Amino acid sequence: MTQKIKLFTAGDEHKEAAFLISEIEKLVGGFHNLTGDNTHRDSSYGFSDIAVLFRTRAVGQSLLASFKQSGIPVRFGDASSFLSEYPFHLITDAIKLYLNAKDMIALDCLLTNGLKMGKKEKQEFLSAHPEEKRLAALLGEQDLAGAGAESTVKCIFERFIPEDTLDDTGLLRKEAILATAAEYGADIEQFLYKLQLDTYTDVARIKTDAVSLLTFHASKGLEFPVVFIAGAEEGITPVSRKDTDIEEERRLFYVALTRAKDTLFITNARRRKGFREIEEKFLSRFVGEIPSSLTENVQVVRKPPKPEQMRLF
């Protein structure tokens with residue numbers, strides 16, 4: 001990276017998001033949020049060349065809402081394994097049962113959390129279906145013998161996680177799971193292992209033209225021509241907890257810094273909505289540790305208001 005790191009301080013998180021959106025629109029050569037026309041005029045960048053990184057999920061969720069409102073296509077990923085959360089853990093439970101019909105823990109999760117069965121209903125189900133037929137019964141008697149990973153996962157989604165029950169983030173996660181499944185063909189066991197190992201990385205690898213919103217953890221091993229680091233404030237970067245390891249936080253910040261190949265922006269807000277109220281924020285100590293010779297401040301040029309036309313009457 002030969003360019004200086006660009007620093008921008010916003011009044012609050014909304015103005016920070018507005019700055020990010022404005023800069024991204026410039027980078028891709030213009031984007032109309034009503035028609036979705038991404039013309040890339042005189043630009044060598046597409047949306048998929050750009051990543052916005054953040055330390056905490058709260059910052060990411062706030063940015064996701066702003067980007068959705070702007071119309072800029074995004075994909076959202078964080079380093080928490082969402083397969084451990086409802087309803088996505090039903091995917092791993094069903095695949096575990098597919099691979100091992102004796103897995104009673106996975107079966108119980110599917111019956112209890114997936115089909116909302118009570119104790120009596122579960123006993124009736126177990127009595128009515130022999131061990132090797134239970135998954136087929138759960139999936140509406142669909143035979144998955146010989147089906148590939150992608151077909152199997154689609155079937156599980158249709159049965160347990162209908163699309164109309166998912167919000168925008170959930171739909172992105174579904175897209176990530178299906179994209180990963182397609183890479184593994186018939187090797188369902190390796191697909192399950194991969195998915196449990198680093199689901200969040202696969203969110204970032206979907207080959208669509210969209211800006212990546214990623215936590216610092218999720219950005220490990222990835223590179224982008226343009227990177228924005230948002231929320232560079234004390235209490236967020238680094239996080240403020242009793243057990244915070246500052247050296248580990250510094251290392252994570254360095255990971256984020258080194259994801260940029262061409263251009264790096266670091267943004268912060270003077271005020272940000274906290275758990276109960278608006279909080280005053282201060283620039284992260286990590287930004288202060290960057291030599292000033294490597295940074296430059298960015299100012300927003302405000303357009304002058306149009307002169308009001310004189311009324312004749």
# chains A, B, ... in the order shown; residues from 1 in each chain; ligands from 1

call {"tool": "residues_around", "arguments": {"residues": "A:Ala186", "least_positions_apart": "4", "cutoff": "7 Å", "atoms": "only C-alpha atoms", "output": "compact mmCIF listing (two decimals) with N, CA and C atoms, in the first residue's frame"}}
result
# COMPACT_ATOMS: atom_id res chain seq x y z
N ALA A 147 -27.66 -37.78 -2.78
CA ALA A 147 -27.79 -36.33 -3.01
C ALA A 147 -26.51 -35.63 -2.59
N GLY A 148 -26.16 -34.58 -3.28
CA GLY A 148 -24.97 -33.81 -2.93
C GLY A 148 -25.22 -32.90 -1.75
N ALA A 149 -24.16 -32.24 -1.31
CA ALA A 149 -24.27 -31.36 -0.15
C ALA A 149 -25.26 -30.23 -0.39

call {"tool": "select_by_dssp", "arguments": {"residues": "stretch 95-249 of chain A", "states": "strand (DSSP E)", "output": "PyMOL selection string"}}
result
chain A and resi 211-215+224-229

call {"tool": "select_by_dssp", "arguments": {"residues": "stretch 30-199 of chain A", "states": "alpha helix (DSSP H)", "output": "PyMOL selection string"}}
result
chain A and resi 57-70+89-99+104-109+119-128+134-138+149-160+168-183+188-199

call {"tool": "residues_around", "arguments": {"residues": "A:Leu171", "least_positions_apart": "3", "cutoff": "12 Å", "atoms": "only C-alpha atoms", "output": "CSV table (one decimal) with N, CA, C and O atoms, in the first residue's frame"}}
result
chain,number,residue,atom,x,y,z
A,74,VAL,N,-24.5,-5.4,0.0
A,74,VAL,CA,-23.6,-5.8,1.0
A,74,VAL,C,-23.7,-7.2,1.3
A,74,VAL,O,-24.8,-7.8,1.1
A,75,ARG,N,-22.7,-7.8,1.9
A,75,ARG,CA,-22.7,-9.1,2.5
A,75,ARG,C,-22.1,-8.9,3.9
A,75,ARG,O,-21.1,-8.3,4.1
A,76,PHE,N,-22.8,-9.5,4.9
A,76,PHE,CA,-22.4,-9.3,6.3
A,76,PHE,C,-21.8,-10.6,6.9
A,76,PHE,O,-22.4,-11.7,6.7
A,77,GLY,N,-20.7,-10.5,7.5
A,77,GLY,CA,-20.1,-11.7,8.2
A,77,GLY,C,-19.5,-11.3,9.5
A,77,GLY,O,-18.9,-10.2,9.6
A,87,PRO,N,-32.0,-20.3,13.9
A,87,PRO,CA,-32.4,-21.6,13.6
A,87,PRO,C,-31.3,-22.4,12.8
A,87,PRO,O,-31.5,-23.5,12.4
A,88,PHE,N,-30.1,-21.8,12.6
A,88,PHE,CA,-29.1,-22.4,11.8
A,88,PHE,C,-28.4,-23.6,12.3
A,88,PHE,O,-27.9,-24.4,11.6
A,157,PHE,N,-33.3,-26.7,4.6
A,157,PHE,CA,-33.8,-25.3,4.7
A,157,PHE,C,-35.3,-25.3,4.5
A,157,PHE,O,-36.0,-24.7,5.2
A,161,ILE,N,-36.2,-24.3,7.9
A,161,ILE,CA,-36.0,-22.8,8.0
A,161,ILE,C,-36.5,-22.2,6.7
A,161,ILE,O,-35.8,-21.8,5.8
A,162,PRO,N,-37.8,-22.0,6.6
A,162,PRO,CA,-38.4,-21.4,5.4
A,162,PRO,C,-37.8,-20.0,5.2
A,162,PRO,O,-37.5,-19.3,6.1
A,163,GLU,N,-37.7,-19.6,3.9
A,163,GLU,CA,-37.1,-18.3,3.6
A,163,GLU,C,-37.8,-17.1,4.2
A,163,GLU,O,-37.2,-16.1,4.6
A,164,ASP,N,-39.2,-17.2,4.3
A,164,ASP,CA,-39.9,-16.1,4.8
A,164,ASP,C,-39.8,-15.9,6.3
A,164,ASP,O,-40.3,-14.9,6.8
A,165,THR,N,-39.0,-16.8,6.9
A,165,THR,CA,-38.8,-16.6,8.4
A,165,THR,C,-37.4,-15.9,8.6
A,165,THR,O,-37.1,-15.6,9.8
A,166,LEU,N,-36.7,-15.6,7.6
A,166,LEU,CA,-35.3,-15.0,7.7
A,166,LEU,C,-35.3,-13.5,7.4
A,166,LEU,O,-36.0,-13.1,6.5
A,167,ASP,N,-34.6,-12.8,8.2
A,167,ASP,CA,-34.4,-11.4,7.9
A,167,ASP,C,-33.2,-11.2,6.9
A,167,ASP,O,-32.7,-12.2,6.4
A,168,ASP,N,-32.8,-10.0,6.7
A,168,ASP,CA,-31.7,-9.8,5.7
A,168,ASP,C,-30.4,-10.5,6.0
A,168,ASP,O,-29.8,-11.1,5.2
A,174,LYS,N,-27.8,-17.8,4.8
A,174,LYS,CA,-28.3,-18.9,4.0
A,174,LYS,C,-27.5,-19.0,2.7
A,174,LYS,O,-27.1,-20.1,2.3
A,175,GLU,N,-27.3,-17.8,2.1
A,175,GLU,CA,-26.5,-17.8,0.9
A,175,GLU,C,-25.1,-18.3,1.1
A,175,GLU,O,-24.6,-19.0,0.2
A,176,ALA,N,-24.5,-17.9,2.2
A,176,ALA,CA,-23.2,-18.4,2.5
A,176,ALA,C,-23.1,-19.9,2.7
A,176,ALA,O,-22.2,-20.6,2.2
A,177,ILE,N,-24.1,-20.5,3.4
A,177,ILE,CA,-24.1,-21.9,3.6
A,177,ILE,C,-24.3,-22.7,2.3
A,177,ILE,O,-23.6,-23.6,2.0
A,178,LEU,N,-25.2,-22.2,1.4
A,178,LEU,CA,-25.4,-22.9,0.1
A,178,LEU,C,-24.2,-22.7,-0.8
A,178,LEU,O,-23.9,-23.7,-1.5
A,203,VAL,N,-18.7,-16.5,4.2
A,203,VAL,CA,-19.6,-15.4,3.9
A,203,VAL,C,-18.9,-14.3,3.1
A,203,VAL,O,-19.4,-13.7,2.2

call {"tool": "residues_around", "arguments": {"residues": "A:Ser151", "least_positions_apart": "4", "cutoff": "12 Å", "atoms": "only C-alpha atoms", "output": "NGL selection string"}}
result
:A and (95 or 142-147 or 155-158 or 177-188)

call {"tool": "residues_around", "arguments": {"residues": "stretch 238-254 of chain A", "least_positions_apart": "6", "cutoff": "10 Å", "atoms": "only C-alpha atoms", "output": "ChimeraX atom specification"}}
result
/A:53-56,215-217,219-220,229,231-232,284-287

call {"tool": "residues_around", "arguments": {"residues": "A:Ser48", "least_positions_apart": "6", "cutoff": "6 Å", "atoms": "only C-alpha atoms", "output": "list of chain:residue names"}}
result
A:Asp209, A:Ala210, A:Val211
